[in-house]
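To start, the structure itself, in structure tokens.
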Amino acid sequence: MNLYAVKAIYLFEMHRTWRTIMQSVISPVISTSLYFVVFGSAIGGRIPEINGVSYGAFIVPGLIMLSLLTQSISNASFGIYFPKFVGTIYELLSAPVSYVEIVIAYVGAAATKSIILGLIILATAALFVPLRIEHPFIMLLFLVLTAVTFSMFGFIIGIWADGFEKLQLVPLMIVTPLTFLGGSFYSIDMLPEFWRTVTLFNPVVYLISGFRWSFYGVSDVHIGTSLAMTAVFLVACMLALRWIFKTGYRLKS
């Protein structure tokens with residue numbers, strides 16, 4: 001394991017975050033805070049409790065997950081796409097660094113940024129709504145697993161994309177709608193039976209449900225199912241990355 005290379009790439013990516021802190025940290029925190037103000041404080045007081053949890057507190061896990069997913073994908077996809085764009089990817093591929101070390105460095109940096117952002121948003125939410133975390137270790141586990149998994153997914157998108165527009169295509173057109181329809185603002189038990197069944201095909205439902213369970217002990221699906229679905233997606237991303245580096249897909253051409 002070339003730890004010096006891993007450390008160099010990791011620190012470079014982390015330093016890029018501090019150079020663009022307005023876009024990377026402050027902007028997502030402010031936009032998420034607006035949800036807390038509007039839905040948690042202004043509207044939440046007029047909506048009945050859901051499963052014994054006030055509405056303002058109920059939506060916190062979903063909003064954190066929304067920021068976590070989009071930022072993990074964006075950080076990792078841009079991190080690997082920019083070397084492709086400027087041509088320095090060939091220097092990286094010719095260096096004595098394995099693809100495992102490359103993935104660990106880029107994905108580790110993207111996941112670290114997303115986890116820090118998630119914790120900042122969590123602390124911000126506590127200023128607006130009453131929060132409790134019944135299972136803190138499970139909460140951290142979901143936070144880390146989700147950040148790593150979707151950072152890998154973003155890494156794949158960064159390799160696949162051949163333009164800056166495609167970097168935003170998946171987060172804006174797929175991930176964000178799936179998160180909104182995955183129970184961020186409501187419990188899927190409130191839906192008619194047919195739509196509840198359809199919603200269970202949305203993979204983001206399991207992430208939000210498991211993350212919410214770690215806060216309040218209530219969920220739409222069993223916590224074991226949520227962890228299993230997260231692990232399946234993680235393994236799928238790992239296999240996809242292995243194939244990409246083995247074949248050189250969009251890396252050597």
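A note on labels: chains of the structure tokens are A, B, ... as shown, every chain counts residues from 1, and ligands are counted from 1 in their shown order.
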
Can you list every residue of range 18-64 of chain A that has an atom at most 12 Å from range 133-147 of chain A, with its nearest atom pair and the distance in Å to one decimal, using only C-alpha atoms, ordered by chain then number, as a Markdown table?
| residue | atom | partner | partner_atom | distance |
| --- | --- | --- | --- | --- |
| A:Ala57 | CA | A:Ile133 | CA | 10.8 |
| A:Phe58 | CA | A:Ile133 | CA | 11.8 |
| A:Val60 | CA | A:Ile133 | CA | 11.3 |
| A:Pro61 | CA | A:Met139 | CA | 9.6 |
| A:Gly62 | CA | A:Leu143 | CA | 11.9 |
| A:Ile64 | CA | A:Leu143 | CA | 9.3 |

Give me a file of those residues, with all heavy atoms, as a CSV table (one decimal), in the first residue's frame.
chain,number,residue,atom,x,y,z
A,57,ALA,N,-38.9,17.7,13.7
A,57,ALA,CA,-37.8,16.7,14.0
A,57,ALA,C,-37.9,15.5,13.1
A,57,ALA,O,-36.8,14.9,12.7
A,57,ALA,CB,-38.0,16.2,15.5
A,58,PHE,N,-39.1,15.1,12.6
A,58,PHE,CA,-39.2,14.0,11.7
A,58,PHE,C,-38.5,14.2,10.4
A,58,PHE,O,-37.9,13.2,9.9
A,58,PHE,CB,-40.7,13.7,11.5
A,58,PHE,CG,-41.0,12.5,10.6
A,58,PHE,CD1,-41.1,11.3,11.2
A,58,PHE,CD2,-41.2,12.6,9.3
A,58,PHE,CE1,-41.3,10.1,10.5
A,58,PHE,CE2,-41.4,11.5,8.5
A,58,PHE,CZ,-41.5,10.3,9.1
A,60,VAL,N,-35.8,15.9,9.8
A,60,VAL,CA,-34.3,16.2,9.9
A,60,VAL,C,-33.5,15.0,9.3
A,60,VAL,O,-32.6,15.3,8.5
A,60,VAL,CB,-33.9,16.4,11.4
A,60,VAL,CG1,-32.4,16.3,11.5
A,60,VAL,CG2,-34.5,17.7,11.9
A,61,PRO,N,-33.7,13.8,9.6
A,61,PRO,CA,-32.9,12.7,9.0
A,61,PRO,C,-33.0,12.7,7.4
A,61,PRO,O,-32.0,12.5,6.8
A,61,PRO,CB,-33.4,11.4,9.6
A,61,PRO,CG,-34.1,11.8,10.8
A,61,PRO,CD,-34.6,13.2,10.6
A,62,GLY,N,-34.2,13.0,6.9
A,62,GLY,CA,-34.3,13.0,5.5
A,62,GLY,C,-33.5,14.1,4.8
A,62,GLY,O,-32.9,14.0,3.8
A,64,ILE,N,-30.9,15.7,6.1
A,64,ILE,CA,-29.4,15.4,6.2
A,64,ILE,C,-29.0,14.4,5.1
A,64,ILE,O,-28.0,14.5,4.5
A,64,ILE,CB,-29.1,14.8,7.6
A,64,ILE,CG1,-29.3,15.9,8.7
A,64,ILE,CG2,-27.7,14.3,7.7
A,64,ILE,CD1,-29.1,15.4,10.1

(message) From a backbone DSSP assignment, name each residue in range 20-185 of chain A labelled helix (DSSP H, G or I), as number ranges by chain.
(response) A: 21-46, 55-58, 60-86, 89-94, 99-125, 136-160, 164-180

Residues from last step as file, C-alpha atoms, as a short mmCIF file (atom, residue, chain, number, x, y, z; two decimals), in the first residue's frame:
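In the end it all went to out.cif:
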data_model
loop_
_atom_site.label_atom_id
_atom_site.label_comp_id
_atom_site.auth_asym_id
_atom_site.auth_seq_id
_atom_site.Cartn_x
_atom_site.Cartn_y
_atom_site.Cartn_z
CA ILE A 21 -15.67 26.55 1.31
CA MET A 22 -18.54 28.82 0.25
CA GLN A 23 -19.69 26.34 -2.39
CA SER A 24 -18.69 23.16 -0.58
CA VAL A 25 -19.95 23.82 2.95
CA ILE A 26 -21.69 27.12 3.56
CA SER A 27 -24.11 26.96 0.61
CA PRO A 28 -25.49 23.45 1.43
CA VAL A 29 -25.84 24.34 5.12
CA ILE A 30 -27.77 27.54 4.36
CA SER A 31 -30.08 25.86 1.83
CA THR A 32 -30.83 23.00 4.25
CA SER A 33 -31.40 25.48 7.10
CA LEU A 34 -34.13 27.09 5.02
CA TYR A 35 -35.98 23.77 5.02
CA PHE A 36 -35.77 23.69 8.81
CA VAL A 37 -37.08 27.24 9.06
CA VAL A 38 -39.96 26.76 6.61
CA PHE A 39 -41.02 23.18 7.29
CA GLY A 40 -39.75 22.71 10.81
CA SER A 41 -40.62 25.99 12.49
CA ALA A 42 -43.21 27.72 10.30
CA ILE A 43 -45.27 24.81 8.98
CA GLY A 44 -44.24 22.01 11.32
CA GLY A 45 -46.21 23.40 14.25
CA ARG A 46 -49.46 23.01 12.30
CA TYR A 55 -42.94 17.03 12.16
CA GLY A 56 -39.96 19.39 12.37
CA ALA A 57 -37.84 16.71 14.01
CA PHE A 58 -39.21 13.98 11.72
CA VAL A 60 -34.31 16.15 9.91
CA PRO A 61 -32.88 12.70 8.96
CA GLY A 62 -34.31 12.99 5.45
CA LEU A 63 -32.83 16.44 4.90
CA ILE A 64 -29.43 15.36 6.21
CA MET A 65 -29.57 12.36 3.90
CA LEU A 66 -30.49 14.62 0.95
CA SER A 67 -27.39 16.76 1.50
CA LEU A 68 -25.22 13.72 2.19
CA LEU A 69 -26.19 11.96 -1.04
CA THR A 70 -25.89 14.97 -3.34
CA GLN A 71 -22.64 16.26 -1.83
CA SER A 72 -21.00 12.81 -1.78
CA ILE A 73 -21.74 12.36 -5.46
CA SER A 74 -20.71 15.89 -6.42
CA ASN A 75 -17.45 15.86 -4.44
CA ALA A 76 -16.26 12.51 -5.78
CA SER A 77 -17.41 13.03 -9.38
CA PHE A 78 -15.72 16.42 -9.72
CA GLY A 79 -12.60 15.14 -7.94
CA ILE A 80 -11.88 12.51 -10.59
CA TYR A 81 -13.41 14.35 -13.56
CA PHE A 82 -11.15 17.41 -13.27
CA PRO A 83 -7.91 15.37 -13.75
CA LYS A 84 -9.56 13.84 -16.83
CA PHE A 85 -10.52 17.29 -18.10
CA VAL A 86 -7.04 18.82 -17.76
CA ILE A 89 -5.21 11.61 -15.16
CA TYR A 90 -2.52 10.01 -17.35
CA GLU A 91 0.20 11.01 -14.91
CA LEU A 92 -1.83 9.43 -12.12
CA LEU A 93 -2.38 6.21 -14.09
CA SER A 94 1.32 5.93 -14.97
CA TYR A 99 -6.43 1.62 -8.56
CA VAL A 100 -7.32 0.60 -5.00
CA GLU A 101 -5.13 3.39 -3.62
CA ILE A 102 -6.61 5.90 -6.08
CA VAL A 103 -10.16 4.99 -5.07
CA ILE A 104 -9.33 5.05 -1.34
CA ALA A 105 -7.84 8.55 -1.64
CA TYR A 106 -10.54 10.17 -3.77
CA VAL A 107 -13.49 8.39 -2.17
CA GLY A 108 -12.06 8.89 1.31
CA ALA A 109 -11.72 12.64 0.76
CA ALA A 110 -15.22 12.96 -0.71
CA ALA A 111 -16.75 10.90 2.10
CA THR A 112 -14.89 12.91 4.76
CA LYS A 113 -16.25 16.17 3.35
CA SER A 114 -19.79 14.79 3.24
CA ILE A 115 -19.63 13.45 6.81
CA ILE A 116 -18.36 16.80 8.12
CA LEU A 117 -21.16 18.55 6.24
CA GLY A 118 -23.75 16.11 7.62
CA LEU A 119 -22.59 16.72 11.19
CA ILE A 120 -22.69 20.50 10.67
CA ILE A 121 -26.25 20.26 9.33
CA LEU A 122 -27.20 18.04 12.28
CA ALA A 123 -25.85 20.64 14.72
CA THR A 124 -27.68 23.38 12.81
CA ALA A 125 -30.95 21.43 12.94
CA PRO A 136 -25.84 7.21 18.07
CA PHE A 137 -23.55 4.39 16.88
CA ILE A 138 -26.09 3.23 14.29
CA MET A 139 -26.50 6.85 13.21
CA LEU A 140 -22.75 7.21 12.66
CA LEU A 141 -22.65 3.85 10.89
CA PHE A 142 -25.35 4.94 8.43
CA LEU A 143 -23.63 8.29 8.00
CA VAL A 144 -20.28 6.70 7.13
CA LEU A 145 -21.68 3.86 4.99
CA THR A 146 -23.89 6.21 2.98
CA ALA A 147 -21.11 8.75 2.47
CA VAL A 148 -18.63 6.09 1.31
CA THR A 149 -21.15 4.31 -0.92
CA PHE A 150 -22.37 7.41 -2.72
CA SER A 151 -18.85 8.81 -2.97
CA MET A 152 -17.99 5.62 -4.87
CA PHE A 153 -21.09 6.15 -6.99
CA GLY A 154 -19.99 9.73 -7.67
CA PHE A 155 -16.50 8.49 -8.57
CA ILE A 156 -18.10 6.23 -11.19
CA ILE A 157 -20.15 9.15 -12.53
CA GLY A 158 -17.00 11.29 -12.77
CA ILE A 159 -15.30 8.63 -14.88
CA TRP A 160 -18.40 8.13 -17.05
CA PHE A 164 -19.64 19.17 -16.87
CA GLU A 165 -23.39 18.89 -17.58
CA LYS A 166 -23.36 15.14 -16.95
CA LEU A 167 -21.75 15.66 -13.55
CA GLN A 168 -24.97 17.35 -12.37
CA LEU A 169 -27.35 15.14 -14.33
CA VAL A 170 -27.59 12.25 -11.87
CA PRO A 171 -27.67 14.30 -8.60
CA LEU A 172 -30.30 16.74 -9.91
CA MET A 173 -32.45 14.54 -12.13
CA ILE A 174 -32.30 11.20 -10.29
CA VAL A 175 -30.96 11.35 -6.72
CA THR A 176 -32.82 14.48 -5.57
CA PRO A 177 -36.27 13.33 -6.85
CA LEU A 178 -35.73 9.86 -5.36
CA THR A 179 -34.86 11.44 -2.01
CA PHE A 180 -37.93 13.68 -2.00
#

(request) Just give me the gap between CA of Val53 in chain A and CA of Ser214 in chain A in Å, one decimal is fine. (result) 13.2 Å

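If you look at CA of Thr17 in chain A and CA of Leu127 in chain A, they are 25.2 Å away from each other.
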
(message) Using only C-alpha atoms for the distances, tell me which of A:Ile244, A:Leu207, A:Met190, A:Leu239 is nearest to Ser226 in chain A.
(response) A:Leu207

(request) Kindly indicate which residue among A:Leu191, A:Val97, A:Ala161, A:Ile50 lies nearest to Ser219 in chain A, using only C-alpha atoms for the distances. (result) A:Ile50

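Between CA of Phe245 in chain A and CA of Ala5 in chain A the interatomic distance comes to 17.5 Å.
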